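Asker: This structure is in structure tokens; I'll ask about it shortly.
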Amino acid sequence: MSKIRNQRLVWFLLFLVLEVKDMFYHAFDGYMKYAFPLDELRPLSCQGEDSLGGYALTLIDSLDTLALLGDKEKFGAAVEWVGKNVRFDINKTVSVFETNIRILGGLLSAHLIASDYATGMRIQSYDDQLLHLAADLAQRLLPAFDTPTGIPFGSVNLMYGVDENESKITSTAGGGTLTLEFGILSRLTNNTVFERVTKKSVRGIWSRRSKLNLVGAHINVFTGEWTQKDAGIGTSIDSFYEYLLKAYLLFGDEEYLYIFQEAYKAAMHYLHHDPWYVEVNMNSGATVWPLFNSLQAFWPGLQVLAGDVDPAIRTHAAFFSVWKKYGFTPEGFNLATSTVQNGQRSYPLRPELIESTYWLFKATRDHRYLDVGRDILASLQYGARCPCGYCHIADVETHKQDDHMESFFLAETVKYLWLLFDLAAGPDNIVESGPYKYIFSTEGHLLPVTPEIALVDEHCSYFGAFCNGGADHGYGASASSTKHQNGNYTQLDDIQTHSSLYSTSNVLFKTGGYIKGVCPGLTHAQKLGISYSDGEDNFIEQTSESREHHGESAVESSIQDQSSSIILISHPVTSQQDEALESGSGSQDHGNIVVTSDSDSDSDSTSRDNIVGANTEELMEDIEGTSGQDKR
């Protein structure tokens with residue numbers, strides 16, 4: 001009897017896989033028929049619109065989804081068309097952030113698939129056209145980084161650079177969500193400048209964090225002054241956290257892991273109202289905005305990657321309760337009133353909740369996440385499907401449709417849904433069964449953990465970056481050690497327990513740094529040779545002096561050499577322990593410990609919980625009590 005039930009389940013899952021595949025082609029074919037080569041589809045009126053740069057945005061954003069689905073014919077045709085027809089020498093002012101994650105990431109992911117026989121999607125006639133386009137595009141984005149802080153302007157003209165009237169205010173996510181794409185490009189082209197400018201941007205943001213280790217939402221790229229001091233894990237900040245961990249996982253650069261550990265610990269202490277997250281003042285930690293916004297829904301998936309699965313499960317359940325209440329997640333949901341936030345009533349086909357659902361199923365194999373996926377699929381099919389694609393939902397309470405379909409619907413939303421059901425049915429795709437393990441960019445692009453990209457055994461002039469011989473010589477070609485390579489590959493295997501995915505051990509990484517090994521008495525920041533505290537002014541002065549001395553531009557100015565250290569994921573520690581570590585006393589051996597928030601049980605947590613109020617519990621009870629009803 002159980003065998004029959006299992007067979008029925010497999011057949012049902014295969015049906016869901018096919019339904020999601022049909023969803024993709026309904027939207028993709030609608031775009032190609034009615035909108036291409038414009039950027040995006042207007043699915044109600046069956047027309048197209050240019051929304052970013054006028055270079056077939058949706059097609060480029062969809063390339064690796066075509067490959068993931070195994071559609072070699074359409075993937076090959078799309079790659080060939082992009083290689084022959086897309087050009088970036090155009091008088092267009094574009095968002096640095098959006099152009100990076102959608103266009104640069106799409107080109108690089110498709111290049112890595114199309115150029116590699118091991119993926120099964122190698123295109124015979126392909127000759128690195130997409131890589132050349134990616135390098136040209138990144139060069140045109142570089143002028144945005146020419147700022148005193150190293151944090152880039154939000155926009156740049158692809159032909160003329162930064163306009164003299166361009167705003168000096170940018171978001172934290174805008175400056176901190178560039179490392180994966182630019183880092184891969186550096187490794188593929190032997191041009192280290194791309195990775196250098198993005199690392200400098202991350203350092204520029206982190207060095208201006210508050211004493212609570214929190215960052216704000218918006219910053220002045222010239223003065224380094226925070227213009228929006230609300231700290232959170234959602235809008236304007238979200239992918240800053242994401243790329244810290246993923247840059248470590250992809251490149252093995254422990255500096256990113258160290259920053260992530262500190263930032264994550266602070267977020268769990270000051271922002272976490274189990275199971276929700278709020279926005280607080282970055283300096284005082286006082287709650288300023290008890291709001292769930294839809295971009296926060298990526299967080300449980302990131303926690304799975306960090307190995308902190310238990311709070312991810314609770315938070316995901318809370319976020320999904322909002323979806324069940326309305327049939328979609330609104331852009332903003334007020335936790336104090338348990339109502340949709342005024343002015344934030346829409347659902348623009350966002351993928352974040354589906355992304356976290358996929359990662360939690362991958363970690364736990366709990367079938368409840370398949371039920372979540374099925375509910376989300378049903379909502380999209382019955383509420384968002386329209387004549388030529390899938391529509392934004394203008395109001396989650398009325399389900400009124402809006403005539404727009406973002407490119408990320410095909411790059412992320414459909415991709416994660418398909419991966420969820422395909423994984424459950426018995427995966428046969430390049431992500432789960434291919435030759436490499438993959439890191440997903442914030443746009444859902446597939447970035448393989450290959451020796452060429454990870455460079456896990458490179459010998460660097462400073463830790464985690466560039467090889468001996470200086471930047472002019474680019475990256476070395478030393479073979480990856482079997483031991484470390486196996487570590488990279490096995491750490492991404494399917495998770496069956498709640499232990500840390502990527503725990504590190506007490507093993508020194510070989511580098512060519514000025515100081516080799518552990519230096520007793522130094523903090524992590526000192527071991528890495530970086531000041532993360534009150535030294536912003538000194539940092540800017542040193543940078544300016546360095547430019548004057550060497551005659552280099554801001555984009556290509558050198559970064560100080562760094563040394564190696566051991567970085568460990570550890571429990572949040574008490575202030576006394578922190579002081580002991582800062583002074584160099586106490587044990588340097590923390591072991592392999594999962595980051596959790598269990599130890600954050602001081603009086604602050606009680607006061608924070610009271611802010612959210614009893615309405616949250618009522619919402620959860622209401623959802624649980626009516627889980628069988630159709631909220632749509």
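Chain identifiers are assigned as A, B, and so on, following the order in which chains appear in the structure tokens; residues are numbered from 1 within each chain, and ligands are numbered from 1 in order of appearance.
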Could you list, as a list of chain:residue names, every residue within 9 Å of Gly389 in chain A, counting only C-alpha atoms and ignoring same-chain residues fewer than 3 positions away?
Answerer: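 Residues meeting the cut-off are A:Met23, A:Phe24, A:Tyr25, A:His26, A:Ala27, A:Phe28, A:Asp29, A:Gly30, A:Tyr31, A:Leu41, A:Arg42, A:Pro43, A:Leu44, A:Cys46, A:Ala384, A:Arg385, A:Cys386, A:Met405.
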Asker: Can I get the selection written as a PDB file, in the first residue's frame, with C-alpha atoms?
Answerer:
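Below you can see selection_14.pdb, which holds the result:
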ATOM      1  CA  MET A  23       4.160  28.378 -16.514  1.00  0.00           C
ATOM      2  CA  PHE A  24       7.651  29.334 -17.642  1.00  0.00           C
ATOM      3  CA  TYR A  25       6.909  28.856 -21.333  1.00  0.00           C
ATOM      4  CA  HIS A  26       3.576  30.682 -21.140  1.00  0.00           C
ATOM      5  CA  ALA A  27       5.453  33.726 -19.875  1.00  0.00           C
ATOM      6  CA  PHE A  28       8.638  33.284 -21.920  1.00  0.00           C
ATOM      7  CA  ASP A  29       6.825  32.666 -25.209  1.00  0.00           C
ATOM      8  CA  GLY A  30       4.573  35.637 -24.460  1.00  0.00           C
ATOM      9  CA  TYR A  31       7.623  37.824 -24.010  1.00  0.00           C
ATOM     10  CA  LEU A  41       6.526  42.173 -21.181  1.00  0.00           C
ATOM     11  CA  ARG A  42       3.262  43.896 -20.406  1.00  0.00           C
ATOM     12  CA  PRO A  43       1.226  40.691 -20.033  1.00  0.00           C
ATOM     13  CA  LEU A  44      -2.283  42.157 -19.926  1.00  0.00           C
ATOM     14  CA  CYS A  46       0.445  41.931 -24.748  1.00  0.00           C
ATOM     15  CA  ALA A 384      -1.618  36.178 -11.571  1.00  0.00           C
ATOM     16  CA  ARG A 385      -1.904  34.324 -14.890  1.00  0.00           C
ATOM     17  CA  CYS A 386      -3.073  36.601 -17.690  1.00  0.00           C
ATOM     18  CA  MET A 405       5.948  41.297 -15.513  1.00  0.00           C
TER      19      MET A 405
END
Asker: Ranking A:His316, A:Lys199, A:Arg87, A:Arg208 by minimum distance to Gly54 in chain A and counting only C-alpha atoms, which one comes first?
Answerer: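 Nearest to Gly54 in chain A: A:Arg87.
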Asker: As a ChimeraX atom specification, please: the residues near Leu137 in chain A (cut-off 12 Å, only C-alpha atoms, same-chain neighbours under 2 positions excluded).
Answerer: /A:53,55,86-90,94,96,99-100,102-108,130-135,139-143,156-159,161,181-182,185,194
Asker: Could you jot down the CA of Glu397 in chain A to CA of Tyr326 in chain A separation for me, Å, one decimal place?
Answerer: 6.0 Å
Asker: If we count only C-alpha atoms, what is near Val431 in chain A at a cut-off of 10 Å, once residues fewer than 4 positions away on the same chain are taken out, given as a PyMOL selection string?
Answerer: chain A and resi 68+119+419+423+427+435-440+446-448
Asker: Let's have the selection written as a PDB file, in the first residue's frame, with N, CA and C atoms.
Answerer:
ATOM      1  N   LEU A  68      18.637  25.303 -17.429  1.00  0.00           N
ATOM      2  CA  LEU A  68      18.219  24.465 -16.310  1.00  0.00           C
ATOM      3  C   LEU A  68      17.095  23.523 -16.724  1.00  0.00           C
ATOM      4  N   THR A 119      28.461  20.580 -18.571  1.00  0.00           N
ATOM      5  CA  THR A 119      27.083  20.957 -18.236  1.00  0.00           C
ATOM      6  C   THR A 119      26.055  20.256 -19.116  1.00  0.00           C
ATOM      7  N   LEU A 419      12.692  24.001  -9.289  1.00  0.00           N
ATOM      8  CA  LEU A 419      13.716  23.265  -8.557  1.00  0.00           C
ATOM      9  C   LEU A 419      13.142  22.544  -7.342  1.00  0.00           C
ATOM     10  N   LEU A 423      13.353  18.550  -7.350  1.00  0.00           N
ATOM     11  CA  LEU A 423      14.152  17.923  -6.305  1.00  0.00           C
ATOM     12  C   LEU A 423      13.361  16.832  -5.607  1.00  0.00           C
ATOM     13  N   PRO A 427      15.650  14.525  -8.780  1.00  0.00           N
ATOM     14  CA  PRO A 427      16.199  15.579  -9.634  1.00  0.00           C
ATOM     15  C   PRO A 427      17.034  15.046 -10.788  1.00  0.00           C
ATOM     16  N   PRO A 435      27.813  18.486 -12.770  1.00  0.00           N
ATOM     17  CA  PRO A 435      29.205  18.271 -12.374  1.00  0.00           C
ATOM     18  C   PRO A 435      29.695  19.189 -11.261  1.00  0.00           C
ATOM     19  N   TYR A 436      28.946  20.264 -10.981  1.00  0.00           N
ATOM     20  CA  TYR A 436      29.384  21.239  -9.989  1.00  0.00           C
ATOM     21  C   TYR A 436      28.276  21.495  -8.968  1.00  0.00           C
ATOM     22  N   LYS A 437      28.679  22.066  -7.851  1.00  0.00           N
ATOM     23  CA  LYS A 437      27.729  22.677  -6.944  1.00  0.00           C
ATOM     24  C   LYS A 437      27.598  24.146  -7.324  1.00  0.00           C
ATOM     25  N   TYR A 438      26.443  24.724  -7.065  1.00  0.00           N
ATOM     26  CA  TYR A 438      26.174  26.079  -7.511  1.00  0.00           C
ATOM     27  C   TYR A 438      25.808  26.987  -6.350  1.00  0.00           C
ATOM     28  N   ILE A 439      26.274  28.218  -6.439  1.00  0.00           N
ATOM     29  CA  ILE A 439      25.783  29.305  -5.607  1.00  0.00           C
ATOM     30  C   ILE A 439      24.814  30.106  -6.468  1.00  0.00           C
ATOM     31  N   PHE A 440      23.667  30.467  -5.915  1.00  0.00           N
ATOM     32  CA  PHE A 440      22.696  31.291  -6.641  1.00  0.00           C
ATOM     33  C   PHE A 440      22.959  32.757  -6.325  1.00  0.00           C
ATOM     34  N   LEU A 446      22.905  30.987 -11.845  1.00  0.00           N
ATOM     35  CA  LEU A 446      23.685  29.835 -11.424  1.00  0.00           C
ATOM     36  C   LEU A 446      25.176  30.141 -11.542  1.00  0.00           C
ATOM     37  N   LEU A 447      25.876  30.117 -10.415  1.00  0.00           N
ATOM     38  CA  LEU A 447      27.302  30.414 -10.378  1.00  0.00           C
ATOM     39  C   LEU A 447      28.023  29.179  -9.851  1.00  0.00           C
ATOM     40  N   PRO A 448      28.743  28.474 -10.705  1.00  0.00           N
ATOM     41  CA  PRO A 448      29.325  27.188 -10.303  1.00  0.00           C
ATOM     42  C   PRO A 448      30.548  27.341  -9.424  1.00  0.00           C
TER      43      PRO A 448
END
Asker: Please list as a PyMOL selection string every residue within 8 Å of Ser379 in chain A, counting only C-alpha atoms and excluding residues in the same chain fewer than 3 positions away.
Answerer: chain A and resi 327-328+375-376+382-384+632
Asker: Keeping C-alpha atoms, export the residues of the selection given above as a CSV table (one decimal), in the first residue's frame.
Answerer:
chain,number,residue,atom,x,y,z
A,327,GLY,CA,-3.1,34.5,-1.4
A,328,PHE,CA,0.1,36.6,-1.9
A,375,ASP,CA,-0.1,26.7,-2.5
A,376,ILE,CA,2.1,29.3,-4.1
A,382,TYR,CA,-5.4,31.5,-10.4
A,383,GLY,CA,-4.5,35.0,-9.4
A,384,ALA,CA,-1.6,36.2,-11.6
A,632,ARG,CA,-7.6,33.6,-2.5
Asker: Would you please work out which residue, of A:Met282, A:Ala425, A:Ala138, A:Val162, is nearest to Glu195 in chain A when using only C-alpha atoms?
Answerer: A:Ala138
Asker: Using the chain letters and numbers from this document, which residues of range 144-301 of chain A does DSSP assign to helix (DSSP H, G or I), as a PyMOL selection string?
Answerer: chain A and resi 144-145+172-176+179-189+193-206+238-251+254-270+294-301
Asker: Write out as a list in words the residues lying within 9 Å of Leu244 in chain A, counting only C-alpha atoms and excluding same-chain residues fewer than 4 positions away.
Answerer: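 After dropping sequence-adjacent residues, the list is Gly176, Thr177, Thr179, Val202, Ser239, Phe240, Tyr248, Leu249, Glu255, Tyr256, Leu257, Tyr258, Ile259 and Phe260 of chain A.
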Asker: List the neighbours of range 289-297 of chain A out to 7 Å using only C-alpha atoms; skip same-chain residues closer than 3 positions along the sequence, and give me the result as a PyMOL selection string.
Answerer: chain A and resi 233-235+238+277-280+300+319+329-336+352-353+356+612
Asker: For the residues selected in the previous step, produce a file with C-alpha atoms as a compact mmCIF listing (two decimals), in the first residue's frame.
Answerer:
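selection_39.txt, freshly written:
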# COMPACT_ATOMS: atom_id res chain seq x y z
CA ILE A 233 17.04 42.67 6.65
CA GLY A 234 14.62 43.84 3.97
CA THR A 235 14.37 46.74 1.57
CA ASP A 238 18.78 42.57 2.20
CA TYR A 277 12.18 40.76 12.07
CA VAL A 278 11.74 44.50 12.52
CA GLU A 279 13.65 47.64 11.58
CA VAL A 280 15.57 49.48 14.29
CA PRO A 300 15.30 31.80 6.00
CA PHE A 319 6.04 34.63 6.54
CA THR A 329 2.57 38.49 0.27
CA PRO A 330 2.10 42.27 0.21
CA GLU A 331 5.15 44.48 -0.06
CA GLY A 332 4.48 45.53 3.55
CA PHE A 333 2.57 43.89 6.41
CA ASN A 334 2.24 45.79 9.69
CA LEU A 335 3.03 43.49 12.61
CA ALA A 336 1.45 45.79 15.20
CA GLU A 352 11.99 35.34 -2.04
CA LEU A 353 9.44 33.19 -0.18
CA SER A 356 13.45 30.01 1.10
CA VAL A 612 4.96 43.33 18.01
Asker: Go ahead and compute the interatomic distance for CA of Ser115 in chain A and CA of Ser186 in chain A, in Å to one decimal.
Answerer: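 Calculated distance between CA of Ser115 in chain A and CA of Ser186 in chain A is 17.1 Å.
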Asker: Give me, please, the distance in Å between CA of Ile151 in chain A and CA of Ser171 in chain A, quoted to one decimal.
Answerer: 9.7 Å
